[in-house]
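S.K.: This is the structure, below, for whatever I ask next.
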Amino acid sequence: MSASKIVYAQSQTRVGLLPTVNYNHKINKDWDINFRFESRHFVFENNTPESSNFKYEYSLSDISVLVARKAGLNSKFVLGVLTRLEPDAVAYRTIQQFIFQTKIKSFRLVHRIATDQTFSSNEATEFRLRYRVSAEIPLSGQKLDVKEFYFKFNTEVLNGVQDNVYDLEFRLVPNIGYVINKQHKIELGLDNRLDSFIDNQTRLVSWITVNWFL
Amino acid sequence: MNTITIILSICFILLFPFVSKAQQKYESEYRMKSEMIPKSAKQFIDLIGPDSKVKWYKEISLNNVSFEAKFKHKKKQFSIEFDTSGILQDVEFVIKKSEIAPKVYNKIEGKLDSLYHKWKFQKIQTHYTGPKGDLITSINKNKPSELIKVSYEIVLKGKALGNTQLFEITFNDQGEIQDIQQIVQDKADHLEY
């Protein structure tokens, strides 16, 4: 599993590996638990047109645990924590989400309204309010089945406040996925993040992502 | 830190191995090219003369494999099922609740009230079974002929004992329940997390 990161800021390009594993377990008819692990490893850096080199550099790892309680037929409340391990720092995040699902003809839409708070020893606490909608379109037939490809498109808007500074971020993430069997799905996508609107230094970060759901 | 990451990755996979979920009803459907469909099935659809393009699907369940044609005709969404040799199985099309005769509808409503504390329709379909010629006449006249057996397949959200589930209930043309099945919803973890 690997992914690449390309940062378009001041002509800087960075490419890295981003393994992501997402394990979901149904505890009973009302509760499920989700474990997620991802880590970022830069392998290429291009600061100026004259300077570029392949260099491995570990960036960080995220480990999260989310517990979900069914709220209705197609909705759930989620609470969780995330630990971010960086080479010289550790940050913690608390997460609250409300997720609900709708359907338009042959594609499913999942809406996620979330808040989170990130705490670390060397930065002010960051508070975020975010809304994401994910659309799934099966590429063969009207519902997603085993050994079938699908298209997934995530759109998210994030509002963040840190140290009394407000920021706005947009994410557009097209993915192509494949259902390997009832338990496993794999996705390849392009995660585009546009942020820093407010301080007028808009930055686009694009990730090539690979997600493994089991 | 590189080593730590590798160790964490291995621990994660070891701690949460592949756990097989409870057995679910196996049902899948795949889009098919019309060239793969038996000639007799395509001929039947041609006799109806759909208003839209016909999409063909192969449906696989534990006990059955069939072909299904989906199209729009006379402002209704039709699904017509054939067996793999092209023999017609049934015709179904989406309707509004107001299209069910009031006497039958009241009976259906009464049955649902007795089954569920709360319920809400998701989809109502009329089923026609009978001789081919009568089926085509009934489809085009939008009224079943005498030889056509009519039933209603209703998908609804039903709440009983504090638990809301999705059900598919089949009623006959008199509003009597023929069959109830709980619909197992597909996993959506890749959309939620």
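In the structure tokens, chains take letters A, B, ... by order of appearance, with residues numbered from 1 within each chain and ligands from 1 in the order shown.
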Chain A near chain B within 8 Å: what's each residue's closest atom pair and its distance in Å to one decimal, counting only C-alpha atoms, ordered by chain then ascending residue number, as a tab-separated table?

M.R.:
residue	atom	partner	partner_atom	distance
A:Asn22	CA	B:Tyr193	CA	7.9
A:Tyr23	CA	B:Phe16	CA	7.5
A:Asn24	CA	B:Asp189	CA	6.9
A:Asn34	CA	B:Tyr193	CA	7.9
A:Phe37	CA	B:Ser9	CA	7.5
A:Ser39	CA	B:Thr5	CA	7.2
A:Tyr58	CA	B:Asn2	CA	6.0
A:Ser61	CA	B:Thr5	CA	7.0
A:Gly72	CA	B:Thr164	CA	6.7
A:Leu73	CA	B:Thr164	CA	5.7
A:Pro87	CA	B:Met1	CA	6.1
A:Ile99	CA	B:Glu192	CA	7.0
A:Val110	CA	B:Leu191	CA	6.1
A:His111	CA	B:Glu192	CA	7.9
A:Arg112	CA	B:Glu192	CA	7.3
A:Ser134	CA	B:Leu191	CA	5.9
A:Ala135	CA	B:Leu191	CA	7.6
A:Glu136	CA	B:Leu191	CA	7.6
A:Ser140	CA	B:Arg31	CA	5.1
A:Gly141	CA	B:Tyr30	CA	4.5
A:Gln142	CA	B:Glu29	CA	7.4
A:Lys143	CA	B:Glu29	CA	7.2
A:Leu144	CA	B:Ser28	CA	8.0
A:Asp145	CA	B:Ser28	CA	5.7
A:Val146	CA	B:Ser28	CA	7.9
A:Gln183	CA	B:Ser20	CA	7.1
A:Lys185	CA	B:His190	CA	7.9
A:Phe213	CA	B:His190	CA	6.6
A:Leu214	CA	B:Phe18	CA	7.1

S.K.: Please provide as number ranges by chain all residues within 7 Å of Ser79 (chain B), with the sequence filter that same-chain residues fewer than 4 positions apart are discarded (counting only C-alpha atoms).

M.R.: B: 68-71, 91-93

S.K.: Just want the 12 Å neighbourhood of Thr125 (chain A), counted on only C-alpha atoms, with same-chain residues fewer than 3 positions away dropped. Output as a CSV table (one decimal) with C-alpha atoms, in the first residue's frame.

M.R.:
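Everything below was put into around_30.csv:
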chain,number,residue,atom,x,y,z
A,91,ALA,CA,-0.9,15.2,19.5
A,92,TYR,CA,-4.3,14.0,20.5
A,93,ARG,CA,-7.7,14.5,18.9
A,94,THR,CA,-11.2,14.0,20.2
A,116,ASP,CA,-12.9,17.6,16.4
A,117,GLN,CA,-10.4,19.1,18.8
A,118,THR,CA,-6.7,18.7,18.5
A,119,PHE,CA,-4.4,19.1,21.5
A,120,SER,CA,-0.7,19.2,21.5
A,121,SER,CA,2.0,20.5,23.8
A,122,ASN,CA,3.6,22.9,21.4
A,128,ARG,CA,-12.8,22.2,13.7
A,160,GLY,CA,-11.1,25.5,11.8
A,161,VAL,CA,-10.1,27.9,14.6
A,162,GLN,CA,-6.7,27.8,16.2
A,163,ASP,CA,-5.2,30.6,18.4
A,164,ASN,CA,-8.2,32.8,17.5
A,165,VAL,CA,-7.4,32.5,13.8

S.K.: For Ile180 (chain B), please output as a VMD selection string all residues within 8 Å (counting only C-alpha atoms; exclusion window: fewer than 3 positions along the same chain).

M.R.: chain B and resid 167 to 170 177

S.K.: Please dump the current selection as a PDB file, in the first residue's frame; keep N, CA and C atoms.

M.R.:
ATOM      1  N   PHE B 167     -37.904  -3.646   5.399  1.00  0.00           N
ATOM      2  CA  PHE B 167     -38.604  -4.897   5.066  1.00  0.00           C
ATOM      3  C   PHE B 167     -39.134  -4.854   3.642  1.00  0.00           C
ATOM      4  N   GLU B 168     -39.264  -6.051   3.081  1.00  0.00           N
ATOM      5  CA  GLU B 168     -39.946  -6.189   1.790  1.00  0.00           C
ATOM      6  C   GLU B 168     -41.143  -7.098   2.044  1.00  0.00           C
ATOM      7  N   ILE B 169     -42.337  -6.549   1.835  1.00  0.00           N
ATOM      8  CA  ILE B 169     -43.560  -7.309   2.134  1.00  0.00           C
ATOM      9  C   ILE B 169     -44.380  -7.458   0.855  1.00  0.00           C
ATOM     10  N   THR B 170     -44.797  -8.679   0.582  1.00  0.00           N
ATOM     11  CA  THR B 170     -45.630  -8.922  -0.594  1.00  0.00           C
ATOM     12  C   THR B 170     -47.075  -9.145  -0.163  1.00  0.00           C
ATOM     13  N   ILE B 177     -51.188 -10.530   3.347  1.00  0.00           N
ATOM     14  CA  ILE B 177     -49.723 -10.697   3.308  1.00  0.00           C
ATOM     15  C   ILE B 177     -49.355 -12.076   2.769  1.00  0.00           C
TER      16      ILE B 177
END

S.K.: If we count only C-alpha atoms, what is near Asp83 (chain B) at a cut-off of 12 Å, once residues fewer than 5 positions away on the same chain are taken out, given as JSON, numbers by chain?

M.R.: {"B": [37, 38, 40, 41, 57, 58, 59, 60, 64, 65, 66, 67, 68, 69, 88, 89, 90]}

S.K.: Please produce an output containing N, CA and C atoms for each residue in the selection, written as a compact mmCIF listing (two decimals), in the first residue's frame.

M.R.:
# COMPACT_ATOMS: atom_id res chain seq x y z
N ILE B 37 -28.11 -11.76 -23.77
CA ILE B 37 -29.47 -12.07 -23.30
C ILE B 37 -30.18 -12.99 -24.31
N PRO B 38 -30.92 -14.00 -23.85
CA PRO B 38 -31.64 -14.88 -24.78
C PRO B 38 -32.59 -14.08 -25.68
N SER B 40 -35.49 -14.74 -26.94
CA SER B 40 -36.92 -14.69 -26.58
C SER B 40 -37.20 -13.58 -25.56
N ALA B 41 -36.25 -13.34 -24.67
CA ALA B 41 -36.43 -12.27 -23.67
C ALA B 41 -36.43 -10.91 -24.36
N TYR B 57 -29.63 -6.78 -16.64
CA TYR B 57 -28.85 -7.18 -15.46
C TYR B 57 -28.96 -8.68 -15.25
N LYS B 58 -27.89 -9.24 -14.69
CA LYS B 58 -27.93 -10.64 -14.26
C LYS B 58 -28.07 -10.62 -12.74
N GLU B 59 -29.05 -11.29 -12.22
CA GLU B 59 -29.25 -11.32 -10.77
C GLU B 59 -28.96 -12.70 -10.24
N ILE B 60 -28.12 -12.75 -9.22
CA ILE B 60 -27.72 -14.03 -8.63
C ILE B 60 -28.11 -14.05 -7.16
N ASN B 64 -31.29 -18.87 -7.15
CA ASN B 64 -31.77 -18.51 -8.48
C ASN B 64 -30.80 -17.59 -9.22
N VAL B 65 -30.76 -17.79 -10.54
CA VAL B 65 -30.05 -16.85 -11.41
C VAL B 65 -31.05 -16.41 -12.47
N SER B 66 -31.13 -15.11 -12.70
CA SER B 66 -32.10 -14.63 -13.69
C SER B 66 -31.58 -13.41 -14.41
N PHE B 67 -32.26 -13.06 -15.50
CA PHE B 67 -31.95 -11.82 -16.22
C PHE B 67 -33.09 -10.84 -15.98
N GLU B 68 -32.74 -9.59 -15.84
CA GLU B 68 -33.78 -8.59 -15.61
C GLU B 68 -33.58 -7.41 -16.54
N ALA B 69 -34.67 -7.00 -17.18
CA ALA B 69 -34.64 -5.82 -18.06
C ALA B 69 -35.26 -4.67 -17.29
N LEU B 88 -40.15 -15.94 -19.47
CA LEU B 88 -40.65 -14.84 -18.65
C LEU B 88 -41.04 -15.31 -17.24
N GLN B 89 -40.58 -14.58 -16.23
CA GLN B 89 -40.93 -14.91 -14.84
C GLN B 89 -42.00 -13.96 -14.30
N ASP B 90 -41.71 -12.70 -14.31
CA ASP B 90 -42.75 -11.74 -13.90
C ASP B 90 -42.43 -10.34 -14.38

S.K.: Per DSSP on the backbone, filter region 24-177 of chain A down to the residues in strand (DSSP E) and report them as number ranges by chain.

M.R.: A: 24-26, 31-48, 51-72, 75-86, 89-104, 107-120, 123-138, 149-162, 165-177

S.K.: Could you check how far CA of Ser206 (chain A) sits from CA of Leu79 (chain A), in Å to one decimal?

M.R.: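 Here the two named atoms are 28.1 Å from each other.
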
S.K.: Write out as a list in words all residues of region 39-124 of chain B that backbone DSSP assigns to alpha helix (DSSP H).

M.R.: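 Result set for region 39-124 of chain B (alpha helix (DSSP H)): Lys39, Ser40, Ala41, Lys42, Gln43, Phe44, Ile45, Asp46, Leu47, Ile48, Pro102, Lys103, Val104, Tyr105, Asn106, Lys107, Ile108, Glu109, Gly110, Lys111, Leu112, Asp113, Ser114 and Leu115 of chain B.
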
S.K.: Go ahead and save the picked residues with N, CA and C atoms, as a PDB file, in the first residue's frame.

M.R.:
ATOM      1  N   LYS B  39     -32.678 -14.562 -26.923  1.00  0.00           N
ATOM      2  CA  LYS B  39     -33.452 -13.862 -27.949  1.00  0.00           C
ATOM      3  C   LYS B  39     -34.920 -13.698 -27.532  1.00  0.00           C
ATOM      4  N   SER B  40     -35.494 -14.745 -26.939  1.00  0.00           N
ATOM      5  CA  SER B  40     -36.923 -14.689 -26.581  1.00  0.00           C
ATOM      6  C   SER B  40     -37.204 -13.576 -25.559  1.00  0.00           C
ATOM      7  N   ALA B  41     -36.249 -13.341 -24.667  1.00  0.00           N
ATOM      8  CA  ALA B  41     -36.428 -12.270 -23.671  1.00  0.00           C
ATOM      9  C   ALA B  41     -36.426 -10.909 -24.359  1.00  0.00           C
ATOM     10  N   LYS B  42     -35.482 -10.735 -25.287  1.00  0.00           N
ATOM     11  CA  LYS B  42     -35.409  -9.449 -25.994  1.00  0.00           C
ATOM     12  C   LYS B  42     -36.637  -9.221 -26.867  1.00  0.00           C
ATOM     13  N   GLN B  43     -37.145 -10.329 -27.448  1.00  0.00           N
ATOM     14  CA  GLN B  43     -38.340 -10.201 -28.292  1.00  0.00           C
ATOM     15  C   GLN B  43     -39.551  -9.739 -27.477  1.00  0.00           C
ATOM     16  N   PHE B  44     -39.666 -10.260 -26.258  1.00  0.00           N
ATOM     17  CA  PHE B  44     -40.791  -9.857 -25.405  1.00  0.00           C
ATOM     18  C   PHE B  44     -40.716  -8.353 -25.103  1.00  0.00           C
ATOM     19  N   ILE B  45     -39.505  -7.896 -24.792  1.00  0.00           N
ATOM     20  CA  ILE B  45     -39.332  -6.467 -24.480  1.00  0.00           C
ATOM     21  C   ILE B  45     -39.670  -5.621 -25.713  1.00  0.00           C
ATOM     22  N   ASP B  46     -39.243  -6.111 -26.899  1.00  0.00           N
ATOM     23  CA  ASP B  46     -39.544  -5.371 -28.137  1.00  0.00           C
ATOM     24  C   ASP B  46     -41.051  -5.234 -28.348  1.00  0.00           C
ATOM     25  N   LEU B  47     -41.818  -6.261 -27.948  1.00  0.00           N
ATOM     26  CA  LEU B  47     -43.279  -6.215 -28.115  1.00  0.00           C
ATOM     27  C   LEU B  47     -43.908  -5.120 -27.240  1.00  0.00           C
ATOM     28  N   ILE B  48     -43.275  -4.864 -26.117  1.00  0.00           N
ATOM     29  CA  ILE B  48     -43.785  -3.784 -25.247  1.00  0.00           C
ATOM     30  C   ILE B  48     -43.471  -2.426 -25.869  1.00  0.00           C
ATOM     31  N   PRO B 102     -58.602   1.750  -3.145  1.00  0.00           N
ATOM     32  CA  PRO B 102     -58.749   2.194  -1.743  1.00  0.00           C
ATOM     33  C   PRO B 102     -59.065   1.060  -0.771  1.00  0.00           C
ATOM     34  N   LYS B 103     -59.932   0.136  -1.192  1.00  0.00           N
ATOM     35  CA  LYS B 103     -60.323  -0.968  -0.300  1.00  0.00           C
ATOM     36  C   LYS B 103     -59.101  -1.849   0.049  1.00  0.00           C
ATOM     37  N   VAL B 104     -58.301  -2.122  -0.977  1.00  0.00           N
ATOM     38  CA  VAL B 104     -57.092  -2.949  -0.777  1.00  0.00           C
ATOM     39  C   VAL B 104     -56.055  -2.171   0.034  1.00  0.00           C
ATOM     40  N   TYR B 105     -55.917  -0.897  -0.309  1.00  0.00           N
ATOM     41  CA  TYR B 105     -54.916  -0.081   0.385  1.00  0.00           C
ATOM     42  C   TYR B 105     -55.227   0.019   1.886  1.00  0.00           C
ATOM     43  N   ASN B 106     -56.514   0.203   2.204  1.00  0.00           N
ATOM     44  CA  ASN B 106     -56.904   0.299   3.616  1.00  0.00           C
ATOM     45  C   ASN B 106     -56.563  -0.982   4.376  1.00  0.00           C
ATOM     46  N   LYS B 107     -56.743  -2.099   3.676  1.00  0.00           N
ATOM     47  CA  LYS B 107     -56.427  -3.382   4.303  1.00  0.00           C
ATOM     48  C   LYS B 107     -54.913  -3.511   4.546  1.00  0.00           C
ATOM     49  N   ILE B 108     -54.135  -3.096   3.540  1.00  0.00           N
ATOM     50  CA  ILE B 108     -52.664  -3.132   3.667  1.00  0.00           C
ATOM     51  C   ILE B 108     -52.236  -2.249   4.838  1.00  0.00           C
ATOM     52  N   GLU B 109     -52.811  -1.067   4.896  1.00  0.00           N
ATOM     53  CA  GLU B 109     -52.462  -0.114   5.960  1.00  0.00           C
ATOM     54  C   GLU B 109     -52.784  -0.709   7.345  1.00  0.00           C
ATOM     55  N   GLY B 110     -53.927  -1.366   7.426  1.00  0.00           N
ATOM     56  CA  GLY B 110     -54.324  -1.996   8.690  1.00  0.00           C
ATOM     57  C   GLY B 110     -53.346  -3.077   9.118  1.00  0.00           C
ATOM     58  N   LYS B 111     -52.900  -3.874   8.129  1.00  0.00           N
ATOM     59  CA  LYS B 111     -51.926  -4.949   8.434  1.00  0.00           C
ATOM     60  C   LYS B 111     -50.607  -4.346   8.928  1.00  0.00           C
ATOM     61  N   LEU B 112     -50.181  -3.275   8.255  1.00  0.00           N
ATOM     62  CA  LEU B 112     -48.903  -2.656   8.636  1.00  0.00           C
ATOM     63  C   LEU B 112     -48.999  -2.013  10.019  1.00  0.00           C
ATOM     64  N   ASP B 113     -50.146  -1.414  10.307  1.00  0.00           N
ATOM     65  CA  ASP B 113     -50.348  -0.824  11.641  1.00  0.00           C
ATOM     66  C   ASP B 113     -50.266  -1.882  12.733  1.00  0.00           C
ATOM     67  N   SER B 114     -50.739  -3.094  12.390  1.00  0.00           N
ATOM     68  CA  SER B 114     -50.705  -4.156  13.411  1.00  0.00           C
ATOM     69  C   SER B 114     -49.298  -4.741  13.565  1.00  0.00           C
ATOM     70  N   LEU B 115     -48.492  -4.624  12.517  1.00  0.00           N
ATOM     71  CA  LEU B 115     -47.128  -5.179  12.575  1.00  0.00           C
ATOM     72  C   LEU B 115     -46.122  -4.221  13.194  1.00  0.00           C
TER      73      LEU B 115
END

S.K.: Identify, on the basis of only C-alpha atoms, every residue whose closest approach to His41 (chain A) does not exceed 8 Å; exclude the query and any residue fewer than 5 positions from it along the same chain; express the result as a list in words.

M.R.: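 So, after excluding close chain neighbours, the residues are Gly16, Leu17, Leu18, Tyr56, Glu57, Tyr58, Ser59 and Leu60 of chain A.
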
S.K.: I need the chosen residues saved as an mmCIF file, in the first residue's frame, with C-alpha atoms.

M.R.:
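See part30.cif below for the written result:
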data_model
loop_
_atom_site.group_PDB
_atom_site.id
_atom_site.type_symbol
_atom_site.label_atom_id
_atom_site.label_comp_id
_atom_site.auth_asym_id
_atom_site.auth_seq_id
_atom_site.Cartn_x
_atom_site.Cartn_y
_atom_site.Cartn_z
ATOM 1 C CA GLY A 16 5.577 10.281 0.153
ATOM 2 C CA LEU A 17 4.133 6.956 1.143
ATOM 3 C CA LEU A 18 0.837 6.926 3.017
ATOM 4 C CA TYR A 56 13.287 8.919 2.774
ATOM 5 C CA GLU A 57 11.825 10.821 5.712
ATOM 6 C CA TYR A 58 9.278 9.593 8.211
ATOM 7 C CA SER A 59 6.606 12.212 8.826
ATOM 8 C CA LEU A 60 3.897 10.975 11.207
#

S.K.: Tell me, in Å to one decimal, how far CA of Phe170 (chain A) is from CA of Ile208 (chain A).

M.R.: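 CA of Phe170 (chain A) sits 16.4 Å away from CA of Ile208 (chain A).
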
S.K.: Find the distance between CA of Phe151 (chain A) and CA of Arg193 (chain A) and write it in Å to one decimal.

M.R.: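 Straight-line distance from CA of Phe151 (chain A) to CA of Arg193 (chain A) works out to 19.1 Å.
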
S.K.: Of the residues A:His184, A:Arg84, A:Arg69, A:Lys29, which is the one nearest to Gln97 (chain A), using only C-alpha atoms?

M.R.: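 Distance minimum relative to Gln97 (chain A) lands on A:Arg69.
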
S.K.: Between B:Lys132, B:His117, B:Pro144, B:Lys53, which one has atoms that come closest to Ile87 (chain B), using only C-alpha atoms?

M.R.: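 Once distances to Ile87 (chain B) are computed over only C-alpha atoms, the minimum belongs to B:Lys132.
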